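First up is the structure itself, then whatever we jot down about it.
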Amino acid sequence: MQLVISTVILTPCLYLAASLSLPAQFNLGVNVFSDHTSTPYDAFICTFTGLVAGLIIGYFTEFMTSHSYGPVREVANSCHTGAATNIIFGLALGYLSTIVPVLALGFTAYVSFKLLGTFGISLAALGMLNNLAVALAIDAYGPISDNAGGIAEMADLGDDIRERTDALDAAGNTTAAVGKGFAIGSAALVSLALYGAFVTRAVEMKVKVPTSHGLTLNAIQLMNPMVFVGLLIGAMLPYAFSAMTMKSVGTAAFEMVEEVRR
């Protein structure tokens with residue numbers, strides 16, 4: 001709810017900031033992959049997509065790491081058949097968790113590239129970081145609740161207290177993961193913006209990069225939004241297919257152990 005409320009409040013604030021800080025029309029030159037003249041509304045769309053991408057990453061992180069939902073409960077149930085199935089299901093869960101954040105980042109990067117080029121990527125990163133205060137507040141809950149179980153254990157409290165602190169421990173792990181999701185997502189956008197700034201400066205200085213065959217590289221295709229988005233998705237696909245394969249193996253091993261025990 002903190003993330004949703006902050007996102008709703010920040011949306012009109014971002015539009016107001018874009019309207020007041022940018023001219024009615026401006027042109028960023030060759031770094032933009034569209035022919036229309038840029039407006040403050042384009043800047044607002046870039047920041048808004050980053051803001052929504054951060055919200056999606058936060059919610060999906062909670063879904064994949066909270067004991068209240070199916071993925072974590074599935075990993076917990078795999079412990080009944082031993083450590084091997086638990087490791088398989090855990091790795092599969094980790095690999096599957098990359099799909100939605102990568103797609104969200106890819107969509108954000110594509111829209112921002114098309115509207116305002118590398119400047120749009122920077123705005124998208126700022127849009128995602130608008131929720132940073134709330135994300136850090138959520139993240140701060142993690143180490144506090146994580147220590148509750150240790151304190152209860154060292155104080156020789158009863159098993160009923162330990163059960164309650166286990167719930168706090170699980171919630172702390174989830175909130176810590178949400179904070180890290182924001183950090184990783186914004187870092188991906190910032191790194192792309194820095195790379196774009198380097199390429200732009202290199203082109204202005206007419207720098208040519210020699211290759212191992214004595215040729216020169218005059219164009220860097222990663223500045224094409226479709227190429228970069230395809231690179232993100234392509235890097236994610238091995239994890240997605242590996243997760244599906246490992247989960248199938250884990251399911252078969254789980255049923256086999258259950259049958260042997262029966």
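Residue numbering restarts at 1 for every chain of the structure tokens, chains are lettered A, B, ... in their displayed order, and ligands are numbered from 1 as they appear.
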Got a sec: who's within 12 Å of Gly149 in chain A, counting only C-alpha atoms, leaving out chain neighbours fewer than 2 positions off, as an NGL selection string? :A and (143-147 or 151-172)
Counting only C-alpha atoms, give me one row per residue of range 52-80 of chain A with an atom at most 12 Å from an atom of range 116-124 of chain A, showing the shortest contact pair and its distance in Å to one decimal, sorted by chain then residue number, as a tab-separated table.
```
residue	atom	partner	partner_atom	distance
A:Val52	CA	A:Ala124	CA	9.7
A:Ala53	CA	A:Ala124	CA	9.0
A:Gly54	CA	A:Ala124	CA	9.9
```
Print the selection's residues with C-alpha atoms to a file, as a PDB file, in the first residue's frame.
```pdb
ATOM      1  CA  VAL A  52       5.263   2.242 -12.881  1.00  0.00           C
ATOM      2  CA  ALA A  53       8.121  -0.147 -13.687  1.00  0.00           C
ATOM      3  CA  GLY A  54       9.403   0.282 -10.141  1.00  0.00           C
TER       4      GLY A  54
END
```
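The interatomic distance for the pair CA of Phe48 in chain A and CA of Tyr15 in chain A works out to 8.6 Å.
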Spatial neighbours of range 231-240 of chain A, max dist 9 Å, only C-alpha atoms, sep filter under 4 positions, as number ranges by chain: A: 92, 94-99, 102-103, 105-106, 222, 226-227, 244-245
Those residues you just picked out, can you put them in a file as an mmCIF file, in the first residue's frame with N, CA and C atoms?
```
data_model
loop_
_atom_site.group_PDB
_atom_site.id
_atom_site.type_symbol
_atom_site.label_atom_id
_atom_site.label_comp_id
_atom_site.auth_asym_id
_atom_site.auth_seq_id
_atom_site.Cartn_x
_atom_site.Cartn_y
_atom_site.Cartn_z
ATOM 1 N N ALA A 92 15.013 -22.688 -9.383
ATOM 2 C CA ALA A 92 13.997 -22.418 -10.405
ATOM 3 C C ALA A 92 13.213 -21.153 -10.062
ATOM 4 N N GLY A 94 14.294 -18.606 -8.287
ATOM 5 C CA GLY A 94 15.158 -17.459 -8.527
ATOM 6 C C GLY A 94 15.278 -17.115 -9.999
ATOM 7 N N TYR A 95 15.400 -18.134 -10.844
ATOM 8 C CA TYR A 95 15.491 -17.872 -12.280
ATOM 9 C C TYR A 95 14.188 -17.297 -12.837
ATOM 10 N N LEU A 96 13.053 -17.818 -12.371
ATOM 11 C CA LEU A 96 11.767 -17.311 -12.855
ATOM 12 C C LEU A 96 11.535 -15.862 -12.456
ATOM 13 N N SER A 97 12.117 -15.455 -11.349
ATOM 14 C CA SER A 97 11.884 -14.097 -10.852
ATOM 15 C C SER A 97 12.500 -13.029 -11.743
ATOM 16 N N THR A 98 13.316 -13.409 -12.716
ATOM 17 C CA THR A 98 13.943 -12.417 -13.590
ATOM 18 C C THR A 98 13.039 -11.991 -14.745
ATOM 19 N N ILE A 99 11.981 -12.747 -15.019
ATOM 20 C CA ILE A 99 11.209 -12.524 -16.246
ATOM 21 C C ILE A 99 10.482 -11.180 -16.214
ATOM 22 N N VAL A 102 12.686 -7.907 -16.061
ATOM 23 C CA VAL A 102 13.368 -7.634 -17.328
ATOM 24 C C VAL A 102 12.390 -7.085 -18.356
ATOM 25 N N LEU A 103 11.191 -7.655 -18.425
ATOM 26 C CA LEU A 103 10.189 -7.149 -19.366
ATOM 27 C C LEU A 103 9.784 -5.720 -19.016
ATOM 28 N N LEU A 105 11.648 -3.479 -17.424
ATOM 29 C CA LEU A 105 12.774 -2.610 -17.774
ATOM 30 C C LEU A 105 12.896 -2.440 -19.281
ATOM 31 N N GLY A 106 12.661 -3.531 -20.031
ATOM 32 C CA GLY A 106 12.737 -3.438 -21.485
ATOM 33 C C GLY A 106 11.685 -2.489 -22.051
ATOM 34 N N LEU A 222 23.925 -0.767 -29.919
ATOM 35 C CA LEU A 222 23.196 -0.759 -28.659
ATOM 36 C C LEU A 222 22.443 0.546 -28.456
ATOM 37 N N MET A 226 15.477 -1.034 -30.028
ATOM 38 C CA MET A 226 15.054 -2.414 -30.253
ATOM 39 C C MET A 226 16.195 -3.386 -29.968
ATOM 40 N N VAL A 227 17.415 -2.999 -30.327
ATOM 41 C CA VAL A 227 18.574 -3.864 -30.087
ATOM 42 C C VAL A 227 18.806 -4.015 -28.588
ATOM 43 N N MET A 244 12.147 -23.378 -16.098
ATOM 44 C CA MET A 244 11.081 -24.316 -16.464
ATOM 45 C C MET A 244 11.596 -25.750 -16.443
ATOM 46 N N THR A 245 12.789 -25.951 -16.977
ATOM 47 C CA THR A 245 13.361 -27.299 -16.995
ATOM 48 C C THR A 245 13.634 -27.797 -15.582
#
```
For Val100 in chain A, please output as a PDB file with N, CA and C atoms, in the first residue's frame all residues within 9 Å (counting only C-alpha atoms; exclusion window: fewer than 6 positions along the same chain).
```
ATOM      1  N   ILE A  56       5.836  -2.213 -10.454  1.00  0.00           N
ATOM      2  CA  ILE A  56       5.671  -3.600 -10.916  1.00  0.00           C
ATOM      3  C   ILE A  56       6.775  -4.485 -10.344  1.00  0.00           C
ATOM      4  N   ILE A  57       8.006  -4.000 -10.375  1.00  0.00           N
ATOM      5  CA  ILE A  57       9.119  -4.782  -9.826  1.00  0.00           C
ATOM      6  C   ILE A  57       8.917  -5.031  -8.337  1.00  0.00           C
ATOM      7  N   PHE A  60       6.026  -7.611  -7.888  1.00  0.00           N
ATOM      8  CA  PHE A  60       6.420  -8.955  -8.326  1.00  0.00           C
ATOM      9  C   PHE A  60       7.456  -9.539  -7.380  1.00  0.00           C
TER      10      PHE A  60
END
```
Quote the spacing between CA of Asp42 in chain A and CA of Ala18 in chain A in Å to one decimal place.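 The value is 8.9 Å.
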Contacts of Ala24 in chain A at 9 Å (only C-alpha atoms; same-chain gap of 6+ positions) as a list in words: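 My reading of the contact set: Ser38, Thr39 and Pro40 of chain A.
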Rank A:Ala109, A:Val72, A:Ala252, A:Ala125 by their smallest atom-to-atom distance to Phe228 in chain A, using only C-alpha atoms, and report the top residue only. A:Ala109
Mind giving me the straight-line distance from CA of Val257 in chain A to CA of Met64 in chain A in Å, one decimal?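 It comes out at 25.5 Å.
Considering the residues A:Asn77, A:Thr85, A:Asn27, A:Asn131 and counting only C-alpha atoms, Thr47 in chain A has its shortest atom-to-atom contact with A:Asn131.
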Residues at most 10 Å from Phe254 in chain A, counting only C-alpha atoms, excluding those fewer than 3 positions away in the same chain, as a PyMOL selection string? chain A and resi 77-82+84-86+89+248-251+257-259
Output file for the residues above (N, CA and C atoms, as a PDB file, in the first residue's frame):
```
ATOM      1  N   ASN A  77       7.268 -26.550   0.591  1.00  0.00           N
ATOM      2  CA  ASN A  77       6.753 -27.925   0.538  1.00  0.00           C
ATOM      3  C   ASN A  77       7.782 -28.896  -0.012  1.00  0.00           C
ATOM      4  N   SER A  78       8.688 -28.401  -0.868  1.00  0.00           N
ATOM      5  CA  SER A  78       9.712 -29.287  -1.425  1.00  0.00           C
ATOM      6  C   SER A  78      10.701 -29.751  -0.361  1.00  0.00           C
ATOM      7  N   CYS A  79      10.743 -29.066   0.793  1.00  0.00           N
ATOM      8  CA  CYS A  79      11.653 -29.485   1.863  1.00  0.00           C
ATOM      9  C   CYS A  79      11.260 -30.835   2.448  1.00  0.00           C
ATOM     10  N   HIS A  80      10.010 -31.250   2.256  1.00  0.00           N
ATOM     11  CA  HIS A  80       9.566 -32.513   2.819  1.00  0.00           C
ATOM     12  C   HIS A  80      10.265 -33.706   2.170  1.00  0.00           C
ATOM     13  N   THR A  81      10.783 -33.518   0.975  1.00  0.00           N
ATOM     14  CA  THR A  81      11.422 -34.635   0.271  1.00  0.00           C
ATOM     15  C   THR A  81      12.938 -34.528   0.259  1.00  0.00           C
ATOM     16  N   GLY A  82      13.503 -33.596   1.016  1.00  0.00           N
ATOM     17  CA  GLY A  82      14.953 -33.540   1.119  1.00  0.00           C
ATOM     18  C   GLY A  82      15.550 -32.260   0.564  1.00  0.00           C
ATOM     19  N   ALA A  84      17.766 -31.931  -1.895  1.00  0.00           N
ATOM     20  CA  ALA A  84      17.969 -31.868  -3.351  1.00  0.00           C
ATOM     21  C   ALA A  84      16.801 -31.184  -4.041  1.00  0.00           C
ATOM     22  N   THR A  85      15.582 -31.629  -3.743  1.00  0.00           N
ATOM     23  CA  THR A  85      14.411 -31.007  -4.374  1.00  0.00           C
ATOM     24  C   THR A  85      14.255 -29.563  -3.916  1.00  0.00           C
ATOM     25  N   ASN A  86      14.620 -29.276  -2.683  1.00  0.00           N
ATOM     26  CA  ASN A  86      14.537 -27.902  -2.195  1.00  0.00           C
ATOM     27  C   ASN A  86      15.469 -26.979  -2.969  1.00  0.00           C
ATOM     28  N   PHE A  89      14.005 -26.503  -6.613  1.00  0.00           N
ATOM     29  CA  PHE A  89      12.870 -25.585  -6.637  1.00  0.00           C
ATOM     30  C   PHE A  89      13.316 -24.156  -6.313  1.00  0.00           C
ATOM     31  N   SER A 248      10.471 -28.681 -13.708  1.00  0.00           N
ATOM     32  CA  SER A 248       9.923 -29.968 -14.144  1.00  0.00           C
ATOM     33  C   SER A 248      10.693 -31.128 -13.515  1.00  0.00           C
ATOM     34  N   VAL A 249      12.016 -31.005 -13.491  1.00  0.00           N
ATOM     35  CA  VAL A 249      12.836 -32.046 -12.858  1.00  0.00           C
ATOM     36  C   VAL A 249      12.522 -32.132 -11.366  1.00  0.00           C
ATOM     37  N   GLY A 250      12.386 -30.974 -10.717  1.00  0.00           N
ATOM     38  CA  GLY A 250      12.067 -30.975  -9.298  1.00  0.00           C
ATOM     39  C   GLY A 250      10.715 -31.593  -9.004  1.00  0.00           C
ATOM     40  N   THR A 251       9.726 -31.315  -9.857  1.00  0.00           N
ATOM     41  CA  THR A 251       8.400 -31.905  -9.667  1.00  0.00           C
ATOM     42  C   THR A 251       8.446 -33.412  -9.815  1.00  0.00           C
ATOM     43  N   VAL A 257      10.022 -39.343  -4.926  1.00  0.00           N
ATOM     44  CA  VAL A 257      10.314 -39.560  -3.505  1.00  0.00           C
ATOM     45  C   VAL A 257       9.034 -39.912  -2.755  1.00  0.00           C
ATOM     46  N   GLU A 258       7.954 -39.217  -3.061  1.00  0.00           N
ATOM     47  CA  GLU A 258       6.692 -39.524  -2.408  1.00  0.00           C
ATOM     48  C   GLU A 258       6.229 -40.952  -2.700  1.00  0.00           C
ATOM     49  N   GLU A 259       6.443 -41.375  -3.947  1.00  0.00           N
ATOM     50  CA  GLU A 259       6.039 -42.747  -4.318  1.00  0.00           C
ATOM     51  C   GLU A 259       6.898 -43.775  -3.620  1.00  0.00           C
TER      52      GLU A 259
END
```
